[in-house]
Amino acid sequence: MSESSFSSGTLSADDVTTGQRRHRLFEAADQLRLAGRGTEALHILAAEIATSRGEPHRTLVLGWMARTVTLEQPTIALTGLREALNLRLDARSRATVLALVATVAARTGHPDTDALLRDAGTAHAASGDQSSARHLALGRAARSLAHGDLPGAQAVLAALDPNSWAARADAPSIRAERILVELGLGRHPDARTAARQAPDDVDGPLTGLTALDCLRMVAVGELPEAAALAVTTLSSSSADLSREVRALLVAVIGEVRYRRGEHDDARAILRACLTEDRWPDRTMWSPAFCVAARDPALSTPAGLLTRVVADLHRSVRPLLPVPHFGPRLVRAAVATGDTRAVHRVTELVELVSTRTPVPLWRALADQSRGLRDGDPDALRSAVDQLRTTAARPALADALLDLANNPRLRPAEARDAAHEAAALYARIGAPGDQAVADRRCADLTGTLRHRQSIDGQPGGGLDALTPAEERVAEMLAAGATKKEAARSLFVSFHTVDTQLRSIYHKLGINNRMQLVRAWERTRR
């Protein structure tokens with residue numbers, strides 16, 4: 001069906017009912033979008049809105065326009081919406097379209113976002129309705145997310161009810177933004193519940209929620225599950241699978257394959273996205289760029305760091321759902337000697353930490369500073385704070401960063417590498433586990449060499465390894481061996497073995513003696 005069926009008036013209200021007309025209109029818009037003619041799809045929807053065929057019809061067509069915008073890349077969405085503003089829209093429809101423009105701009109970090117939000121706010125105050133209010137709120141929330149202000153976005157989104165009939169068409173977008181906020185705050189169980197309890201009867205694409213659930217799994221270390229769901233969703237060839245959703249799923253698959261050590265497979269799926277170099281459309285691929293940044297074979301020839309850092313300074317949104325992306329970029333910049341990128345990314349992570357002062361982001365800021373400055377104390381702080389979160393891959397990465405710090409004692413570095421390897425094994429990342437194991441073996445060899453030169457280590461608490469110190473501290477404070485194993489992400493057997501070593505080194509035989517020894521030496 002061509003655009004002329006609607007713009008020329010051949011399909012009139014006299015020929016079919018309004019409902020039939022609307023059905024054919026939506027079908028035509030989808031056909032145009034799938035044919036790569038998204039601007040035309042938005043035009044025929046805007047032209048229909050301009051005909052003023054009644055409030056219910058106008059509301060539903062506006063909802064379909066918003067849905068089409070979420071499925072298109074930013075340049076097409078912005079072009080189509082700006083052309084729509086040239087039509088004779090009523091004041092309420094114009095307010096909604098202005099809010100849609102501002103939302104797209106905010107999501108990509110467009111420099112005109114604040115001005116566009118002001119214009120949309122003025123139009124809504126003058127003649128807006130519930131539709132413009134919802135999209136204005138989504139735009140303001142998107143702006144907060146772009147600046148790393150997760151509490152601000154949460155406050156705005158809390159006022160929107162995705163379960164109301166009026167918000168039916170916008171419900172997937174509202175739910176997706178709320179889930180992104182939960183991920184950014186480190187509330188992974190809440191994000192999981194929200195992603196999996198979305199009603200099946202809501203109009204519009206729900207695959208965006210699936211992609212966010214995949215990112216959640218990557219963030220907490222459910223790697224096999226994340227890859228399986230991402231592959232299944234990506235291969236479904238659904239018409240509602242937007243380019244942004246495809247980009248997120250590609251990032252998930254690439255991330256899991258790298259962590260498994262399947263580098264060639266990861267490069268194969270990521271290489272196609274590296275050709276996107278036009279802003280703002282490339283912002284959809286920023287998560288995939290963050291994945292590829294760990295691989296010099298991909299990132300260096302494509303100049304990925306330069307591109308992704310520039311885009312993140314417009315909007316930090318891509319860093320929010322997967323915690324370890326920020327420190328990863330710092331690590332990659334340190335490895336290539338790009339000091340400017342090191343400082344810029346660290347500043348961005350610190351900015352989010354300031355605006356969203358939760359343990360997760362404080363830990364990421366410490367980790368980024370530790371990598372930038374080579375500061376083992378900052379890395380230790382990051383590890384300690386990440387232990388209180390569900391971000392297990394981020395914790396494993398921070399432990400390996402600590403193990404690689406040249407200013408760390410070999411014994412502490414070896415224990416950090418050993419713990420990182422064990423954690424990588426638990427989350428299904430054998431490729432990363434092999435790296436940590438190699439570091440652990442190198443450090444073990446160094447320790448044996450030093451012991452052969454220096455003789456036996458001293459007695460008392462000084463003889464304990466850092467891992468043994470952590471176990472001793474927890475057990476002396478009253479924790480059980482099972483609780484200590486769970487908190488330290490190690491097995492019960494490991495804690496039991498370490499406890500026997502602690503008793504031997506301290507010359508004691510039971511828990512009460514451990515408590516007394518610990519209190520005596522810590523006074």
# chains A, B, ... in the order shown; residues from 1 in each chain; ligands from 1

$ select_by_dssp --residues "segment 148-294 of chain A" --states "alpha helix (DSSP H)" --output "PyMOL selection string"
chain A and resi 150-157+171-184+188-196+207-220+223-234+243-260+263-270+286-292

$ write_last_selection --atoms "C-alpha atoms" --output "short mmCIF file (atom, residue, chain, number, x, y, z; two decimals), in the first residue's frame"
data_model
loop_
_atom_site.label_atom_id
_atom_site.label_comp_id
_atom_site.auth_asym_id
_atom_site.auth_seq_id
_atom_site.Cartn_x
_atom_site.Cartn_y
_atom_site.Cartn_z
CA LEU A 150 19.13 8.14 38.03
CA PRO A 151 17.20 9.36 41.09
CA GLY A 152 15.90 12.30 39.03
CA ALA A 153 14.74 9.99 36.25
CA GLN A 154 13.14 7.68 38.78
CA ALA A 155 11.15 10.54 40.30
CA VAL A 156 9.81 11.65 36.92
CA LEU A 157 8.88 8.13 35.80
CA ALA A 171 3.46 1.48 28.21
CA PRO A 172 6.47 -0.40 26.72
CA SER A 173 8.54 2.81 26.65
CA ILE A 174 7.58 3.69 30.22
CA ARG A 175 8.41 0.20 31.46
CA ALA A 176 11.70 0.11 29.55
CA GLU A 177 12.85 3.41 31.06
CA ARG A 178 11.90 2.23 34.54
CA ILE A 179 13.85 -1.00 34.08
CA LEU A 180 16.88 0.95 32.85
CA VAL A 181 16.72 3.04 36.03
CA GLU A 182 16.53 -0.10 38.20
CA LEU A 183 19.57 -1.56 36.41
CA GLY A 184 21.52 1.66 36.84
CA HIS A 188 18.69 -6.19 39.61
CA PRO A 189 15.95 -8.30 41.25
CA ASP A 190 13.45 -5.46 40.73
CA ALA A 191 14.56 -5.09 37.12
CA ARG A 192 14.09 -8.82 36.57
CA THR A 193 10.57 -8.75 38.01
CA ALA A 194 9.58 -5.72 35.94
CA ALA A 195 10.95 -7.20 32.70
CA ARG A 196 9.23 -10.54 33.14
CA THR A 207 11.25 -7.15 22.71
CA GLY A 208 12.94 -4.06 24.16
CA LEU A 209 12.14 -5.42 27.61
CA THR A 210 13.70 -8.74 26.59
CA ALA A 211 16.89 -6.97 25.54
CA LEU A 212 17.04 -5.15 28.88
CA ASP A 213 16.57 -8.46 30.68
CA CYS A 214 19.53 -9.83 28.70
CA LEU A 215 21.62 -6.86 29.83
CA ARG A 216 20.56 -7.54 33.42
CA MET A 217 21.78 -11.13 33.09
CA VAL A 218 25.12 -9.89 31.76
CA ALA A 219 25.38 -7.46 34.68
CA VAL A 220 24.79 -10.13 37.35
CA LEU A 223 25.99 -15.40 31.03
CA PRO A 224 24.71 -18.67 29.48
CA GLU A 225 21.11 -17.57 30.02
CA ALA A 226 21.77 -14.12 28.57
CA ALA A 227 23.36 -15.53 25.40
CA ALA A 228 20.60 -18.08 24.87
CA LEU A 229 17.81 -15.51 25.20
CA ALA A 230 19.63 -12.96 23.03
CA VAL A 231 20.26 -15.45 20.23
CA THR A 232 16.65 -16.65 20.31
CA THR A 233 15.25 -13.12 20.22
CA LEU A 234 17.65 -11.92 17.53
CA ARG A 243 17.57 -1.39 15.36
CA GLU A 244 18.28 -0.31 18.91
CA VAL A 245 17.06 -3.66 20.27
CA ARG A 246 19.15 -5.52 17.69
CA ALA A 247 22.18 -3.48 18.74
CA LEU A 248 21.64 -4.38 22.41
CA LEU A 249 21.27 -8.09 21.62
CA VAL A 250 24.44 -8.03 19.51
CA ALA A 251 26.27 -6.43 22.45
CA VAL A 252 25.01 -9.18 24.79
CA ILE A 253 26.10 -12.00 22.48
CA GLY A 254 29.50 -10.40 21.86
CA GLU A 255 30.08 -9.86 25.57
CA VAL A 256 29.31 -13.46 26.48
CA ARG A 257 31.46 -14.86 23.68
CA TYR A 258 34.44 -12.77 24.71
CA ARG A 259 34.09 -13.89 28.32
CA ARG A 260 33.94 -17.48 27.13
CA HIS A 263 37.07 -14.23 20.37
CA ASP A 264 36.68 -15.06 16.69
CA ASP A 265 32.93 -15.61 17.10
CA ALA A 266 32.62 -12.37 19.05
CA ARG A 267 34.46 -10.43 16.36
CA ALA A 268 32.28 -11.93 13.66
CA ILE A 269 29.06 -10.64 15.23
CA LEU A 270 30.48 -7.26 16.29
CA SER A 286 27.47 2.34 21.92
CA PRO A 287 26.94 -0.78 24.13
CA ALA A 288 28.41 -2.93 21.35
CA PHE A 289 31.33 -0.49 21.08
CA CYS A 290 31.91 -0.90 24.85
CA VAL A 291 32.11 -4.66 24.31
CA ALA A 292 34.47 -4.38 21.33
#

$ residues_around --residues "segment 277-283 of chain A" --least-positions-apart "2" --cutoff "7 Å" --atoms "only C-alpha atoms" --output "PDB file with C-alpha atoms, in the first residue's frame"
ATOM      1  CA  GLN A  73      16.934   5.203  14.093  1.00  0.00           C
ATOM      2  CA  PRO A  74      17.285   8.746  15.503  1.00  0.00           C
ATOM      3  CA  THR A  75      17.963  10.616  12.248  1.00  0.00           C
ATOM      4  CA  THR A 108      20.958  10.609  22.063  1.00  0.00           C
ATOM      5  CA  THR A 275      30.860   0.580  10.248  1.00  0.00           C
ATOM      6  CA  TRP A 285      25.608   0.839  18.962  1.00  0.00           C
ATOM      7  CA  SER A 286      27.472   2.339  21.925  1.00  0.00           C
ATOM      8  CA  ASP A 311      29.275   9.980  22.436  1.00  0.00           C
TER       9      ASP A 311
END

$ residues_around --residues "segment 430-432 of chain A" --least-positions-apart "2" --cutoff "8 Å" --atoms "only C-alpha atoms" --output "number ranges by chain"
A: 258-262, 421, 424-425, 428, 434-436

$ atom_distance --atom1 "atom CA of Leu78 of chain A" --atom2 "atom CA of Arg271 of chain A"
27.1 Å

$ residues_around --residues "segment 408-414 of chain A" --least-positions-apart "5" --cutoff "12 Å" --atoms "only C-alpha atoms" --output "JSON, numbers by chain"
{"A": [374, 375, 376, 377, 378, 379, 380, 398, 399, 400, 401, 402, 403, 419, 420, 421, 436, 437, 438, 439, 440, 441, 442, 443, 444, 445, 446, 447, 448, 449, 450, 451, 457, 462, 463, 464, 465, 466, 467, 468, 469, 470]}

$ residues_around --residues "segment 486-498 of chain A" --least-positions-apart "2" --cutoff "9 Å" --atoms "only C-alpha atoms" --output "JSON, numbers by chain"
{"A": [387, 388, 392, 419, 422, 423, 426, 467, 468, 470, 471, 472, 481, 482, 483, 484, 500, 501, 502, 503]}

$ atom_distance --atom1 "atom CA of Leu364 of chain A" --atom2 "atom CA of Ala477 of chain A"
27.5 Å

$ closest_residue --among "A:Glu83, A:Glu40, A:Asp114, A:Glu72" --to "Met284 of chain A" --atoms "only C-alpha atoms"
A:Glu72
